[in-house]
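Structure first, commentary second.
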Amino acid sequence: MKKHIGILTAGGDSPGLNAAIRGIGKTALKGGDIQIVGFRDGFRGLMENRTMRLDYDVLASILTQGGTILGTSRDKPHKMPVGNEVMDMTQVICENYKRHNLDALICIGGGGTQKNAYRLSQQGLNILTLPKTIDNDVGMTDVTFGFHTAMEIATEAIDRLHSTAHSHHRIIVVEIMGHNAGWLALGAGVAGGADVILIPEIPYDPIKVAQAIRERQQRGTNFSIVAVAEGALSVDEHATVSRLKEQKIKAKEAEDSKAAKKASEQLKEFTRALHNNTLKLTNQLEELTGLESRLTILGHLQRGGTPSAADRVLATRLGSACVEYFKQGVSGAMIAVRGEKSEPVPLEDVIGKRYTVPLDHEWISAARNVNTCFGD
Ligand code: F6P
């Protein structure tokens, strides 16, 4: 009897997704006793039963392609927009899993996808996951695929910004992706020799950032590169966010749903207002230093295009390992990276464990040693 495996990609796309699909697909098809089917656009495609044939011909040409041939979405099984409503479509998804006679569903995604996958495994589905995101913020794995490519792209951008900042004697603030974790801004900032690196894990004081830039000026260097993670917060903003989060937790503990809702709305409103934060910082630095300042937002450039060699290897390894673990009967697990090996980690141990930059991480201490300012 042939076994059947379904594959979907969910959340923001990231380089290496196609390499992972190919790794899973080719490993599965090799022995001739496993059939695979792709579901389009994440959990939505599984709910709507929109599939894609994944045979050797399809798999043969995708290793180097960016994005995901399956398409992706951020739709969640239990909160799916359907028409004008948001509905819990978990049962429909379970029925489609059965309709395809699946023995396992492999969900490739970041932190949100791991949570959604865990919920489905609690419904009795056999779920395996792979960790991907350019943010590198999934818990219980050394690294996620997509991160390396995005770090290369952001580093190249910083390299290019250096020469124009230098020529015009300007400050260039470069916004790098990462709402909750600063891995990308930190890695690219260190690799690109940014003079200032601001990450969500270290609240910054704009005055201290300006001071570091002025000290460079006094040493005769009239330009600076400031690498900022999109989720970096000033000390004041961080204090407000922490206060609102605490209020929300306390209200929930006291089962005061009205107060919890209010704190949650205030938090959302405050976070929304932070969207222009890097522009605000750029203007502040111009005012504080007297140096002309410009902002570059790298945005989705960081996620597009062909994966780096490192991400192709990582995604191929994880995809292939995932099928091997399936054959051994592993279920309800994320296939995590452990050095040069992989290891299945129960999904319940993965969820809710966002991997942020530890403050004692060597990337931070090394950056400080080469005079990088973190604004603290
Ligand atoms: O989760 C990865 C990520 O690229 C984040 O770094 C970024 O904040 C977010 O996705 C952007 O999401 P979207 O593609 O939905 O704009």
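A note on labels: chains of the structure tokens are A, B, ... as shown, every chain counts residues from 1, and ligands are counted from 1 in their shown order.
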For the interface of chain A with ligand 1 (cut-off 7 Å, counting only C-alpha atoms and all ligand atoms), please tabulate each contacting residue of chain A alongside its nearest pair of atoms and their separation in Å to one decimal, rows sorted by chain and increasing number, as CSV.
```
residue,atom,partner,partner_atom_place_in_ligand_line,distance
A:Gly11,CA,ligand 1,1 (O),6.8
A:Gly12,CA,ligand 1,14 (O),5.1
A:Gly110,CA,ligand 1,1 (O),7.0
A:Thr133,CA,ligand 1,2 (C),5.7
A:Ile134,CA,ligand 1,2 (C),5.8
A:Asp135,CA,ligand 1,6 (O),5.3
A:Met177,CA,ligand 1,6 (O),4.2
A:Gly178,CA,ligand 1,6 (O),4.1
A:His179,CA,ligand 1,8 (O),5.0
A:His300,CA,ligand 1,14 (O),6.8
A:Arg303,CA,ligand 1,4 (O),6.7
```
Dump as a PDB file, in the first residue's frame, selection limited to all heavy atoms:
```
ATOM      1  N   GLY A  11       2.565  31.321   5.683  1.00  0.00           N
ATOM      2  CA  GLY A  11       3.258  32.507   6.214  1.00  0.00           C
ATOM      3  C   GLY A  11       3.976  33.249   5.096  1.00  0.00           C
ATOM      4  O   GLY A  11       3.784  32.958   3.910  1.00  0.00           O
ATOM      5  N   GLY A  12       4.814  34.217   5.468  1.00  0.00           N
ATOM      6  CA  GLY A  12       5.569  34.973   4.458  1.00  0.00           C
ATOM      7  C   GLY A  12       6.499  34.035   3.697  1.00  0.00           C
ATOM      8  O   GLY A  12       7.053  33.107   4.285  1.00  0.00           O
ATOM      9  N   GLY A 110       6.944  29.576   9.442  1.00  0.00           N
ATOM     10  CA  GLY A 110       7.584  30.197  10.606  1.00  0.00           C
ATOM     11  C   GLY A 110       6.808  29.931  11.885  1.00  0.00           C
ATOM     12  O   GLY A 110       6.062  28.948  11.977  1.00  0.00           O
ATOM     13  N   THR A 133      11.935  31.002   7.864  1.00  0.00           N
ATOM     14  CA  THR A 133      11.592  32.421   7.927  1.00  0.00           C
ATOM     15  C   THR A 133      12.887  33.211   7.805  1.00  0.00           C
ATOM     16  O   THR A 133      13.920  32.794   8.344  1.00  0.00           O
ATOM     17  CB  THR A 133      10.882  32.859   9.232  1.00  0.00           C
ATOM     18  OG1 THR A 133      11.003  34.280   9.372  1.00  0.00           O
ATOM     19  CG2 THR A 133      11.448  32.229  10.478  1.00  0.00           C
ATOM     20  N   ILE A 134      12.805  34.344   7.125  1.00  0.00           N
ATOM     21  CA  ILE A 134      14.006  35.170   7.021  1.00  0.00           C
ATOM     22  C   ILE A 134      14.329  35.794   8.377  1.00  0.00           C
ATOM     23  O   ILE A 134      15.436  36.259   8.598  1.00  0.00           O
ATOM     24  CB  ILE A 134      13.859  36.276   5.952  1.00  0.00           C
ATOM     25  CG1 ILE A 134      12.756  37.261   6.317  1.00  0.00           C
ATOM     26  CG2 ILE A 134      13.627  35.683   4.575  1.00  0.00           C
ATOM     27  CD1 ILE A 134      12.868  38.573   5.556  1.00  0.00           C
ATOM     28  N   ASP A 135      13.340  35.805   9.296  1.00  0.00           N
ATOM     29  CA  ASP A 135      13.566  36.443  10.604  1.00  0.00           C
ATOM     30  C   ASP A 135      14.401  35.582  11.554  1.00  0.00           C
ATOM     31  O   ASP A 135      14.906  36.084  12.556  1.00  0.00           O
ATOM     32  CB  ASP A 135      12.226  36.735  11.291  1.00  0.00           C
ATOM     33  CG  ASP A 135      11.428  37.804  10.581  1.00  0.00           C
ATOM     34  OD1 ASP A 135      11.942  38.358   9.589  1.00  0.00           O
ATOM     35  OD2 ASP A 135      10.291  38.083  11.009  1.00  0.00           O
ATOM     36  N   MET A 177      14.122  43.961   7.717  1.00  0.00           N
ATOM     37  CA  MET A 177      12.952  43.243   8.262  1.00  0.00           C
ATOM     38  C   MET A 177      13.251  42.608   9.626  1.00  0.00           C
ATOM     39  O   MET A 177      14.407  42.332   9.947  1.00  0.00           O
ATOM     40  CB  MET A 177      12.473  42.184   7.278  1.00  0.00           C
ATOM     41  CG  MET A 177      11.516  42.753   6.240  1.00  0.00           C
ATOM     42  SD  MET A 177      10.754  41.450   5.265  1.00  0.00           S
ATOM     43  CE  MET A 177       9.496  42.363   4.395  1.00  0.00           C
ATOM     44  N   GLY A 178      12.200  42.346  10.351  1.00  0.00           N
ATOM     45  CA  GLY A 178      12.330  41.743  11.692  1.00  0.00           C
ATOM     46  C   GLY A 178      11.535  42.551  12.690  1.00  0.00           C
ATOM     47  O   GLY A 178      12.035  43.542  13.219  1.00  0.00           O
ATOM     48  N   HIS A 179      10.252  42.152  12.903  1.00  0.00           N
ATOM     49  CA  HIS A 179       9.410  42.895  13.837  1.00  0.00           C
ATOM     50  C   HIS A 179       9.732  42.573  15.284  1.00  0.00           C
ATOM     51  O   HIS A 179       9.707  43.441  16.147  1.00  0.00           O
ATOM     52  CB  HIS A 179       7.931  42.572  13.575  1.00  0.00           C
ATOM     53  CG  HIS A 179       7.300  43.561  12.667  1.00  0.00           C
ATOM     54  ND1 HIS A 179       7.232  44.898  12.969  1.00  0.00           N
ATOM     55  CD2 HIS A 179       6.736  43.424  11.447  1.00  0.00           C
ATOM     56  CE1 HIS A 179       6.647  45.545  11.983  1.00  0.00           C
ATOM     57  NE2 HIS A 179       6.341  44.669  11.041  1.00  0.00           N
ATOM     58  N   HIS A 300      10.502  43.962   1.008  1.00  0.00           N
ATOM     59  CA  HIS A 300      10.358  42.591   0.496  1.00  0.00           C
ATOM     60  C   HIS A 300      11.477  42.164  -0.442  1.00  0.00           C
ATOM     61  O   HIS A 300      11.559  40.980  -0.794  1.00  0.00           O
ATOM     62  CB  HIS A 300       8.985  42.428  -0.161  1.00  0.00           C
ATOM     63  CG  HIS A 300       7.877  42.551   0.841  1.00  0.00           C
ATOM     64  ND1 HIS A 300       7.393  43.770   1.249  1.00  0.00           N
ATOM     65  CD2 HIS A 300       7.214  41.619   1.562  1.00  0.00           C
ATOM     66  CE1 HIS A 300       6.455  43.593   2.164  1.00  0.00           C
ATOM     67  NE2 HIS A 300       6.328  42.291   2.374  1.00  0.00           N
ATOM     68  N   ARG A 303      13.239  39.191   0.759  1.00  0.00           N
ATOM     69  CA  ARG A 303      12.658  37.849   0.709  1.00  0.00           C
ATOM     70  C   ARG A 303      12.637  37.278  -0.694  1.00  0.00           C
ATOM     71  O   ARG A 303      12.352  36.100  -0.885  1.00  0.00           O
ATOM     72  CB  ARG A 303      11.207  37.904   1.212  1.00  0.00           C
ATOM     73  CG  ARG A 303      11.079  38.148   2.667  1.00  0.00           C
ATOM     74  CD  ARG A 303       9.812  37.599   3.263  1.00  0.00           C
ATOM     75  NE  ARG A 303       8.608  37.719   2.494  1.00  0.00           N
ATOM     76  CZ  ARG A 303       7.447  38.190   2.966  1.00  0.00           C
ATOM     77  NH1 ARG A 303       7.384  38.612   4.210  1.00  0.00           N
ATOM     78  NH2 ARG A 303       6.383  38.202   2.228  1.00  0.00           N
TER      79      ARG A 303
END
```
I'd like a table as CSV: residues in segment 67-151 of chain A with an atom no more than 7 Å from segment 25-47 of chain A, each row giving the shortest atom pair and its distance in Å to one decimal, only C-alpha atoms counted, sorted by chain and rising residue number.
```
residue,atom,partner,partner_atom,distance
A:Leu70,CA,A:Arg40,CA,4.8
A:Gly71,CA,A:Asp41,CA,4.4
A:Thr72,CA,A:Asp41,CA,3.8
A:Ser73,CA,A:Asp41,CA,5.2
A:Asp75,CA,A:Arg44,CA,6.2
A:Lys76,CA,A:Phe43,CA,6.5
A:Pro77,CA,A:Phe43,CA,6.2
A:Met89,CA,A:Met47,CA,7.0
A:Val92,CA,A:Met47,CA,6.0
A:Ile93,CA,A:Met47,CA,4.8
A:Asn96,CA,A:Leu46,CA,6.7
```
Would you save the residues from that selection as a PDB file, in the first residue's frame, using all heavy atoms?
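The resulting file, out_15.pdb, is shown below:
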```pdb
ATOM      1  N   LEU A  70       4.093  26.524  -4.637  1.00  0.00           N
ATOM      2  CA  LEU A  70       2.766  26.187  -4.106  1.00  0.00           C
ATOM      3  C   LEU A  70       1.943  27.436  -3.790  1.00  0.00           C
ATOM      4  O   LEU A  70       0.733  27.352  -3.588  1.00  0.00           O
ATOM      5  CB  LEU A  70       2.893  25.334  -2.841  1.00  0.00           C
ATOM      6  CG  LEU A  70       3.406  23.906  -3.039  1.00  0.00           C
ATOM      7  CD1 LEU A  70       3.618  23.212  -1.695  1.00  0.00           C
ATOM      8  CD2 LEU A  70       2.419  23.111  -3.891  1.00  0.00           C
ATOM      9  N   GLY A  71       2.623  28.579  -3.699  1.00  0.00           N
ATOM     10  CA  GLY A  71       1.932  29.784  -3.231  1.00  0.00           C
ATOM     11  C   GLY A  71       1.802  29.715  -1.716  1.00  0.00           C
ATOM     12  O   GLY A  71       1.997  28.644  -1.110  1.00  0.00           O
ATOM     13  N   THR A  72       1.514  30.838  -1.101  1.00  0.00           N
ATOM     14  CA  THR A  72       1.417  30.849   0.356  1.00  0.00           C
ATOM     15  C   THR A  72       0.362  31.862   0.804  1.00  0.00           C
ATOM     16  O   THR A  72      -0.111  32.675   0.009  1.00  0.00           O
ATOM     17  CB  THR A  72       2.793  31.159   0.999  1.00  0.00           C
ATOM     18  OG1 THR A  72       2.692  31.022   2.416  1.00  0.00           O
ATOM     19  CG2 THR A  72       3.287  32.566   0.661  1.00  0.00           C
ATOM     20  N   SER A  73      -0.028  31.781   2.054  1.00  0.00           N
ATOM     21  CA  SER A  73      -0.933  32.786   2.638  1.00  0.00           C
ATOM     22  C   SER A  73      -0.739  32.743   4.145  1.00  0.00           C
ATOM     23  O   SER A  73      -0.151  31.809   4.678  1.00  0.00           O
ATOM     24  CB  SER A  73      -2.388  32.470   2.300  1.00  0.00           C
ATOM     25  OG  SER A  73      -2.837  31.371   3.073  1.00  0.00           O
ATOM     26  N   ASP A  75      -3.319  32.722   6.125  1.00  0.00           N
ATOM     27  CA  ASP A  75      -4.610  32.273   6.675  1.00  0.00           C
ATOM     28  C   ASP A  75      -4.438  31.147   7.693  1.00  0.00           C
ATOM     29  O   ASP A  75      -3.658  30.214   7.486  1.00  0.00           O
ATOM     30  CB  ASP A  75      -5.518  31.797   5.540  1.00  0.00           C
ATOM     31  CG  ASP A  75      -5.970  32.957   4.676  1.00  0.00           C
ATOM     32  OD1 ASP A  75      -6.254  34.032   5.243  1.00  0.00           O
ATOM     33  OD2 ASP A  75      -6.006  32.802   3.443  1.00  0.00           O
ATOM     34  N   LYS A  76      -5.201  31.254   8.766  1.00  0.00           N
ATOM     35  CA  LYS A  76      -5.135  30.258   9.847  1.00  0.00           C
ATOM     36  C   LYS A  76      -6.362  29.350   9.760  1.00  0.00           C
ATOM     37  O   LYS A  76      -7.472  29.862   9.551  1.00  0.00           O
ATOM     38  CB  LYS A  76      -5.175  30.948  11.213  1.00  0.00           C
ATOM     39  CG  LYS A  76      -4.114  32.000  11.436  1.00  0.00           C
ATOM     40  CD  LYS A  76      -4.378  32.646  12.807  1.00  0.00           C
ATOM     41  CE  LYS A  76      -3.269  33.580  13.213  1.00  0.00           C
ATOM     42  NZ  LYS A  76      -3.423  34.932  12.751  1.00  0.00           N
ATOM     43  N   PRO A  77      -6.203  28.036   9.977  1.00  0.00           N
ATOM     44  CA  PRO A  77      -7.364  27.133   9.901  1.00  0.00           C
ATOM     45  C   PRO A  77      -8.515  27.559  10.809  1.00  0.00           C
ATOM     46  O   PRO A  77      -9.664  27.515  10.412  1.00  0.00           O
ATOM     47  CB  PRO A  77      -6.800  25.785  10.383  1.00  0.00           C
ATOM     48  CG  PRO A  77      -5.345  25.856  10.086  1.00  0.00           C
ATOM     49  CD  PRO A  77      -4.957  27.293  10.239  1.00  0.00           C
ATOM     50  N   MET A  89     -12.351  26.834  10.229  1.00  0.00           N
ATOM     51  CA  MET A  89     -12.479  25.851   9.149  1.00  0.00           C
ATOM     52  C   MET A  89     -11.688  24.568   9.452  1.00  0.00           C
ATOM     53  O   MET A  89     -11.384  23.788   8.549  1.00  0.00           O
ATOM     54  CB  MET A  89     -12.006  26.457   7.822  1.00  0.00           C
ATOM     55  CG  MET A  89     -12.785  27.680   7.388  1.00  0.00           C
ATOM     56  SD  MET A  89     -14.566  27.425   7.345  1.00  0.00           S
ATOM     57  CE  MET A  89     -14.741  26.573   5.788  1.00  0.00           C
ATOM     58  N   VAL A  92     -13.224  21.261   8.182  1.00  0.00           N
ATOM     59  CA  VAL A  92     -13.159  21.104   6.718  1.00  0.00           C
ATOM     60  C   VAL A  92     -11.749  20.642   6.330  1.00  0.00           C
ATOM     61  O   VAL A  92     -11.566  19.767   5.471  1.00  0.00           O
ATOM     62  CB  VAL A  92     -13.509  22.440   6.008  1.00  0.00           C
ATOM     63  CG1 VAL A  92     -13.398  22.310   4.503  1.00  0.00           C
ATOM     64  CG2 VAL A  92     -14.890  22.909   6.413  1.00  0.00           C
ATOM     65  N   ILE A  93     -10.763  21.233   6.977  1.00  0.00           N
ATOM     66  CA  ILE A  93      -9.369  20.860   6.711  1.00  0.00           C
ATOM     67  C   ILE A  93      -9.138  19.387   7.073  1.00  0.00           C
ATOM     68  O   ILE A  93      -8.506  18.634   6.319  1.00  0.00           O
ATOM     69  CB  ILE A  93      -8.420  21.826   7.470  1.00  0.00           C
ATOM     70  CG1 ILE A  93      -8.376  23.142   6.684  1.00  0.00           C
ATOM     71  CG2 ILE A  93      -7.033  21.234   7.674  1.00  0.00           C
ATOM     72  CD1 ILE A  93      -7.510  24.221   7.242  1.00  0.00           C
ATOM     73  N   ASN A  96     -10.613  17.218   4.400  1.00  0.00           N
ATOM     74  CA  ASN A  96      -9.800  17.176   3.174  1.00  0.00           C
ATOM     75  C   ASN A  96      -8.539  16.335   3.362  1.00  0.00           C
ATOM     76  O   ASN A  96      -8.071  15.689   2.427  1.00  0.00           O
ATOM     77  CB  ASN A  96      -9.458  18.589   2.702  1.00  0.00           C
ATOM     78  CG  ASN A  96     -10.641  19.223   1.996  1.00  0.00           C
ATOM     79  OD1 ASN A  96     -11.530  18.508   1.519  1.00  0.00           O
ATOM     80  ND2 ASN A  96     -10.679  20.535   1.949  1.00  0.00           N
TER      81      ASN A  96
END
```
I'd like the neighbourhood of segment 196-206 of chain A as a ChimeraX atom specification, where a residue qualifies if any of its atoms comes within 8 Å (using only C-alpha atoms), though same-chain residues fewer than 2 positions away should be ignored.
/A:179-182,185-186,189,194,208-210,224-229,231-235,238,281,284-285,356-359,372-376
Among segment 253-350 of chain A, which residues does DSSP mark as helix (DSSP H, G or I) when it is run on the backbone? Keep the chain and numbering as in the structure and answer as a ChimeraX atom specification.
/A:253,257-289,299-302,309-327,347-350
Could you pull out the residues in segment 139-290 of chain A that DSSP calls strand (DSSP E) from the backbone, as a VMD selection string?
chain A and resid 171 to 176 196 to 198 224 to 229
Residues from last step as file, C-alpha atoms, as a PDB file, in the first residue's frame:
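Everything below was put into selection-v3.pdb:
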```
ATOM      1  CA  ILE A 171      23.637  59.450   7.593  1.00  0.00           C
ATOM      2  CA  ILE A 172      21.827  56.603   5.871  1.00  0.00           C
ATOM      3  CA  VAL A 173      19.312  54.747   7.987  1.00  0.00           C
ATOM      4  CA  VAL A 174      18.534  51.342   6.495  1.00  0.00           C
ATOM      5  CA  GLU A 175      15.401  49.544   7.681  1.00  0.00           C
ATOM      6  CA  ILE A 176      15.767  45.788   7.724  1.00  0.00           C
ATOM      7  CA  VAL A 196      24.853  51.764  14.568  1.00  0.00           C
ATOM      8  CA  ILE A 197      22.649  48.661  14.887  1.00  0.00           C
ATOM      9  CA  LEU A 198      19.212  48.941  16.473  1.00  0.00           C
ATOM     10  CA  SER A 224      27.281  56.891   9.191  1.00  0.00           C
ATOM     11  CA  ILE A 225      25.230  53.814   8.419  1.00  0.00           C
ATOM     12  CA  VAL A 226      22.437  53.002  10.867  1.00  0.00           C
ATOM     13  CA  ALA A 227      20.963  49.481  10.445  1.00  0.00           C
ATOM     14  CA  VAL A 228      17.536  49.333  12.104  1.00  0.00           C
ATOM     15  CA  ALA A 229      15.285  46.325  12.536  1.00  0.00           C
TER      16      ALA A 229
END
```
With a distance cut-off of 7 Å and only C-alpha atoms, select the neighbouring residues of Ala315 of chain A, excluding the residue or stretch itself and same-chain residues fewer than 6 positions from it, and output the selection as an MDAnalysis selection string.
chainID A and resid 16 19:20 145
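The residue that comes closest to Glu348 of chain A, out of A:Asn276, A:Ser257, A:Asn136, A:Ser121 and on the basis of only C-alpha atoms, is A:Ser121.
Atom pair atom CA of Ala263 of chain A / atom CA of Leu279 of chain A has a distance of 26.5 Å (rounded to one decimal).
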Length of the atom CA of Thr296 of chain A to atom CA of Thr282 of chain A vector [Å]:
9.9 Å
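Comparing A:Thr68, A:Trp183, A:Gly139, A:His169 by their smallest distance to Ile364 of chain A, the closest is A:Trp183 (using only C-alpha atoms).
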Give me, as a VMD selection string, all polymer residues having an atom no more than 12 Å from Glu246 of chain A, counting only C-alpha atoms and skipping those fewer than 4 positions away in the same chain.
chain A and resid 239 to 242 250 to 253 259 to 260 263 to 264 267
